[in-house]
>>> print(open('run_0.pdb').read())   # PDB, C-alpha atoms
MODEL        1
ATOM      1  CA  MET W  17      55.288  21.833 146.241
ATOM      2  CA  ALA W  18      53.264  24.843 145.130
ATOM      3  CA  ASP W  19      54.349  26.759 142.025
ATOM      4  CA  ASN W  20      53.199  30.060 143.541
ATOM      5  CA  THR W  21      52.346  31.173 147.037
ATOM      6  CA  VAL W  22      48.904  32.467 146.000
ATOM      7  CA  SER W  23      46.513  31.559 143.217
ATOM      8  CA  VAL W  24      44.168  34.480 142.575
ATOM      9  CA  VAL W  25      40.896  33.181 141.129
ATOM     10  CA  VAL W  26      38.738  35.724 139.305
ATOM     11  CA  PRO W  27      35.354  34.393 138.164
ATOM     12  CA  VAL W  28      33.766  36.627 135.536
ATOM     13  CA  TYR W  29      30.452  36.660 133.725
ATOM     14  CA  ASN W  30      29.588  39.549 131.395
ATOM     15  CA  ARG W  31      31.572  42.240 133.162
ATOM     16  CA  PRO W  32      34.071  43.354 130.558
ATOM     17  CA  GLU W  33      33.791  46.948 131.788
ATOM     18  CA  TYR W  34      35.015  45.987 135.297
ATOM     19  CA  VAL W  35      37.387  43.032 134.976
ATOM     20  CA  ARG W  36      40.385  45.082 133.782
ATOM     21  CA  GLU W  37      40.156  47.340 136.824
ATOM     22  CA  ALA W  38      39.928  44.300 139.113
ATOM     23  CA  LEU W  39      43.041  42.835 137.486
ATOM     24  CA  THR W  40      44.855  46.163 137.802
ATOM     25  CA  SER W  41      44.349  45.897 141.571
ATOM     26  CA  VAL W  42      45.957  42.440 141.516
ATOM     27  CA  PHE W  43      48.923  43.462 139.396
ATOM     28  CA  GLY W  44      49.465  46.432 141.722
ATOM     29  CA  GLN W  45      49.960  44.216 144.783
ATOM     30  CA  THR W  46      53.099  44.697 146.867
ATOM     31  CA  PHE W  47      53.220  40.896 147.226
ATOM     32  CA  LYS W  48      54.284  39.427 143.887
ATOM     33  CA  ASP W  49      54.393  35.610 144.229
ATOM     34  CA  TYR W  50      51.022  34.829 142.698
ATOM     35  CA  GLU W  51      49.337  33.510 139.603
ATOM     36  CA  VAL W  52      46.074  34.899 138.242
ATOM     37  CA  ILE W  53      43.359  32.560 137.008
ATOM     38  CA  VAL W  54      40.463  34.194 135.171
ATOM     39  CA  VAL W  55      37.493  31.873 134.741
ATOM     40  CA  ASP W  56      35.059  33.174 132.135
ATOM     41  CA  ASP W  57      31.799  31.557 133.188
ATOM     42  CA  GLY W  58      30.154  31.424 129.769
ATOM     43  CA  SER W  59      30.033  35.173 129.109
ATOM     44  CA  THR W  60      27.992  36.295 126.142
ATOM     45  CA  GLU W  61      29.867  39.605 126.040
ATOM     46  CA  ASP W  62      33.497  39.885 124.876
ATOM     47  CA  THR W  63      35.167  39.339 128.234
ATOM     48  CA  LYS W  64      38.265  37.762 126.698
ATOM     49  CA  GLY W  65      38.680  40.694 124.306
ATOM     50  CA  ALA W  66      38.253  43.151 127.177
ATOM     51  CA  LEU W  67      41.269  41.660 128.938
ATOM     52  CA  GLY W  68      43.520  43.127 126.237
ATOM     53  CA  GLU W  69      47.167  43.077 127.239
ATOM     54  CA  TYR W  70      46.251  41.494 130.591
ATOM     55  CA  LEU W  71      45.497  38.275 128.748
ATOM     56  CA  GLN W  72      49.250  37.618 128.578
ATOM     57  CA  GLY W  73      49.587  37.865 132.368
ATOM     58  CA  VAL W  74      46.737  35.554 133.345
ATOM     59  CA  ASN W  75      45.673  31.971 132.929
ATOM     60  CA  TYR W  76      42.367  32.388 131.077
ATOM     61  CA  PHE W  77      39.756  29.633 130.999
ATOM     62  CA  TYR W  78      36.333  29.674 129.357
ATOM     63  CA  LYS W  79      33.674  27.296 130.624
ATOM     64  CA  LYS W  80      29.957  26.769 130.170
ATOM     65  CA  ASN W  81      27.912  29.005 132.471
ATOM     66  CA  GLY W  82      27.376  27.378 135.824
ATOM     67  CA  GLY W  83      27.374  30.292 138.256
ATOM     68  CA  ALA W  84      30.000  31.977 140.394
ATOM     69  CA  ALA W  85      30.553  29.008 142.731
ATOM     70  CA  SER W  86      31.118  26.718 139.765
ATOM     71  CA  ALA W  87      33.636  29.167 138.284
ATOM     72  CA  ARG W  88      35.455  29.489 141.614
ATOM     73  CA  ASN W  89      35.663  25.701 141.961
ATOM     74  CA  TYR W  90      37.000  25.440 138.415
ATOM     75  CA  GLY W  91      39.625  28.038 139.272
ATOM     76  CA  ILE W  92      40.642  26.076 142.366
ATOM     77  CA  GLU W  93      41.089  22.962 140.205
ATOM     78  CA  LYS W  94      43.447  24.920 137.918
ATOM     79  CA  SER W  95      45.375  26.579 140.741
ATOM     80  CA  THR W  96      48.967  25.774 141.703
ATOM     81  CA  GLY W  97      49.325  28.059 144.725
ATOM     82  CA  GLU W  98      49.739  27.197 148.359
ATOM     83  CA  TYR W  99      46.831  29.571 149.066
ATOM     84  CA  VAL W 100      43.783  30.560 147.007
ATOM     85  CA  ALA W 101      42.410  34.106 147.000
ATOM     86  CA  PHE W 102      39.129  35.039 145.351
ATOM     87  CA  LEU W 103      38.502  38.353 143.636
ATOM     88  CA  ASP W 104      35.138  39.032 142.026
ATOM     89  CA  SER W 105      35.406  40.720 138.653
ATOM     90  CA  ASP W 106      33.771  43.932 139.902
ATOM     91  CA  ASP W 107      35.858  44.262 143.072
ATOM     92  CA  LEU W 108      39.218  45.876 143.856
ATOM     93  CA  TRP W 109      41.956  45.058 146.341
ATOM     94  CA  GLU W 110      44.039  47.371 148.497
ATOM     95  CA  GLU W 111      47.649  47.170 147.305
ATOM     96  CA  ASP W 112      48.884  45.307 150.416
ATOM     97  CA  LYS W 113      46.000  42.823 150.739
ATOM     98  CA  LEU W 114      48.046  39.762 149.783
ATOM     99  CA  ASP W 115      51.073  40.854 151.849
ATOM    100  CA  VAL W 116      48.954  41.223 154.984
ATOM    101  CA  GLN W 117      47.005  38.006 154.548
ATOM    102  CA  VAL W 118      49.931  35.778 153.506
ATOM    103  CA  GLU W 119      51.997  37.092 156.421
ATOM    104  CA  PHE W 120      49.116  36.364 158.812
ATOM    105  CA  LEU W 121      48.652  32.848 157.452
ATOM    106  CA  SER W 122      52.396  32.186 157.669
ATOM    107  CA  ARG W 123      52.392  33.143 161.363
ATOM    108  CA  ASN W 124      49.213  31.152 162.079
ATOM    109  CA  PRO W 125      49.481  27.767 160.341
ATOM    110  CA  ASP W 126      46.368  26.377 162.034
ATOM    111  CA  VAL W 127      44.191  29.100 160.481
ATOM    112  CA  GLY W 128      42.522  27.923 157.283
ATOM    113  CA  LEU W 129      40.659  31.042 156.139
ATOM    114  CA  VAL W 130      41.094  34.789 156.338
ATOM    115  CA  CYS W 131      38.787  37.566 155.238
ATOM    116  CA  SER W 132      38.739  41.322 155.550
ATOM    117  CA  ASP W 133      36.522  44.350 155.822
ATOM    118  CA  TYR W 134      35.332  46.051 152.671
ATOM    119  CA  THR W 135      34.466  49.539 151.600
ATOM    120  CA  TYR W 136      31.565  50.016 149.217
ATOM    121  CA  ILE W 137      32.496  52.453 146.443
ATOM    122  CA  GLY W 138      29.638  51.765 144.066
ATOM    123  CA  ARG W 139      27.703  54.085 141.875
ATOM    124  CA  ASN W 140      24.502  53.780 143.904
ATOM    125  CA  GLU W 141      23.637  55.914 146.893
ATOM    126  CA  GLY W 142      24.724  54.643 150.255
ATOM    127  CA  GLY W 143      28.013  53.004 150.820
ATOM    128  CA  GLY W 144      30.097  52.570 153.885
ATOM    129  CA  LYS W 145      32.169  49.892 155.488
ATOM    130  CA  GLY W 146      31.068  46.344 156.084
ATOM    131  CA  ARG W 147      32.266  43.043 157.409
TER     132      ARG W 147
ENDMDL
END
>>> encode(input="run_0.pdb", output="structure tokens")
Amino acid sequence: MADNTVSVVVPVYNRPEYVREALTSVFGQTFKDYEVIVVDDGSTEDTKGALGEYLQGVNYFYKKNGGAASARNYGIEKSTGEYVAFLDSDDLWEEDKLDVQVEFLSRNPDVGLVCSDYTYIGRNEGGGKGR
């Protein structure tokens, strides 16, 4: 039996200026049955220190740098949820993302993966919606 419905895996490498904002978007979810797993993939910057008070609300793991896929796989190994959701350390979620996706998966048990559109809100020119 899963401890949580969703395990949110956040791989991070040298993005202390973004990871807090990413975590804020998780903690602001309308769906609340989740755990957060932050996998620090060998950062040379003070990622752990940047987490501040969020460190108490996450499961933090530091590992030797192996790339984003390696960090995601490590997070999966540490997860206890029925579902796994990935959030890159420089991304944000809409507040109902987990509600919508968990509800969809609950109604469609033969579906093994869901994804969503995104909106680019970066600092570079351009932007727009994507798939």
>>> resolve_selection(input="run_0.pdb", expression="the PyMOL selection byres ((chain W and resi 129) around 12)", output="list in words")
Tyr99, Val100, Ala101, Phe102, Gln117, Val118, Phe120, Leu121, Ser122, Asn124, Pro125, Asp126, Val127, Gly128, Val130, Cys131 and Ser132 of chain W
>>> residues_around(input="run_0.pdb", residues="Asp56 (chain W)", least_positions_apart="4", cutoff="7 Å", atoms="all atoms listed in the file", output="mmCIF file with C-alpha atoms, keeping the file's coordinate frame")
data_model
loop_
_atom_site.group_PDB
_atom_site.id
_atom_site.type_symbol
_atom_site.label_atom_id
_atom_site.label_comp_id
_atom_site.auth_asym_id
_atom_site.auth_seq_id
_atom_site.Cartn_x
_atom_site.Cartn_y
_atom_site.Cartn_z
ATOM 1 C CA PRO W 27 35.354 34.393 138.164
ATOM 2 C CA VAL W 28 33.766 36.627 135.536
ATOM 3 C CA TYR W 29 30.452 36.660 133.725
ATOM 4 C CA PHE W 77 39.756 29.633 130.999
ATOM 5 C CA TYR W 78 36.333 29.674 129.357
ATOM 6 C CA LYS W 79 33.674 27.296 130.624
#
>>> resolve_selection(input="run_0.pdb", expression="the PyMOL selection byres ((chain W and resi 88-95) around 8)", output="PyMOL selection string")
chain W and resi 23+25-27+53-55+84-87+96-97+100+102
>>> atom_distance(input="run_0.pdb", atom1="CA of Leu39 (chain W)", atom2="CA of Tyr76 (chain W)")
12.3 Å
>>> resolve_selection(input="run_0.pdb", expression="the PyMOL selection byres ((chain W and resi 36) around 9)", output="PDB file with C-alpha atoms, keeping the file's coordinate frame")
ATOM      1  CA  PRO W  32      34.071  43.354 130.558  1.00  0.00           C
ATOM      2  CA  GLU W  33      33.791  46.948 131.788  1.00  0.00           C
ATOM      3  CA  TYR W  34      35.015  45.987 135.297  1.00  0.00           C
ATOM      4  CA  VAL W  35      37.387  43.032 134.976  1.00  0.00           C
ATOM      5  CA  GLU W  37      40.156  47.340 136.824  1.00  0.00           C
ATOM      6  CA  ALA W  38      39.928  44.300 139.113  1.00  0.00           C
ATOM      7  CA  LEU W  39      43.041  42.835 137.486  1.00  0.00           C
ATOM      8  CA  THR W  40      44.855  46.163 137.802  1.00  0.00           C
ATOM      9  CA  SER W  41      44.349  45.897 141.571  1.00  0.00           C
ATOM     10  CA  ALA W  66      38.253  43.151 127.177  1.00  0.00           C
ATOM     11  CA  LEU W  67      41.269  41.660 128.938  1.00  0.00           C
ATOM     12  CA  GLY W  68      43.520  43.127 126.237  1.00  0.00           C
ATOM     13  CA  TYR W  70      46.251  41.494 130.591  1.00  0.00           C
ATOM     14  CA  SER W 105      35.406  40.720 138.653  1.00  0.00           C
TER      15      SER W 105
END
>>> atom_distance(input="run_0.pdb", atom1="CA of Asp112 (chain W)", atom2="CA of Gly73 (chain W)")
19.5 Å
>>> atom_distance(input="run_0.pdb", atom1="CA of Thr46 (chain W)", atom2="CA of Val116 (chain W)")
9.8 Å
>>> closest_residue(input="run_0.pdb", among="W:Asn30, W:Thr21, W:Thr135, W:Asn75", to="Asp62 (chain W)", atoms="all atoms listed in the file")
W:Asn30
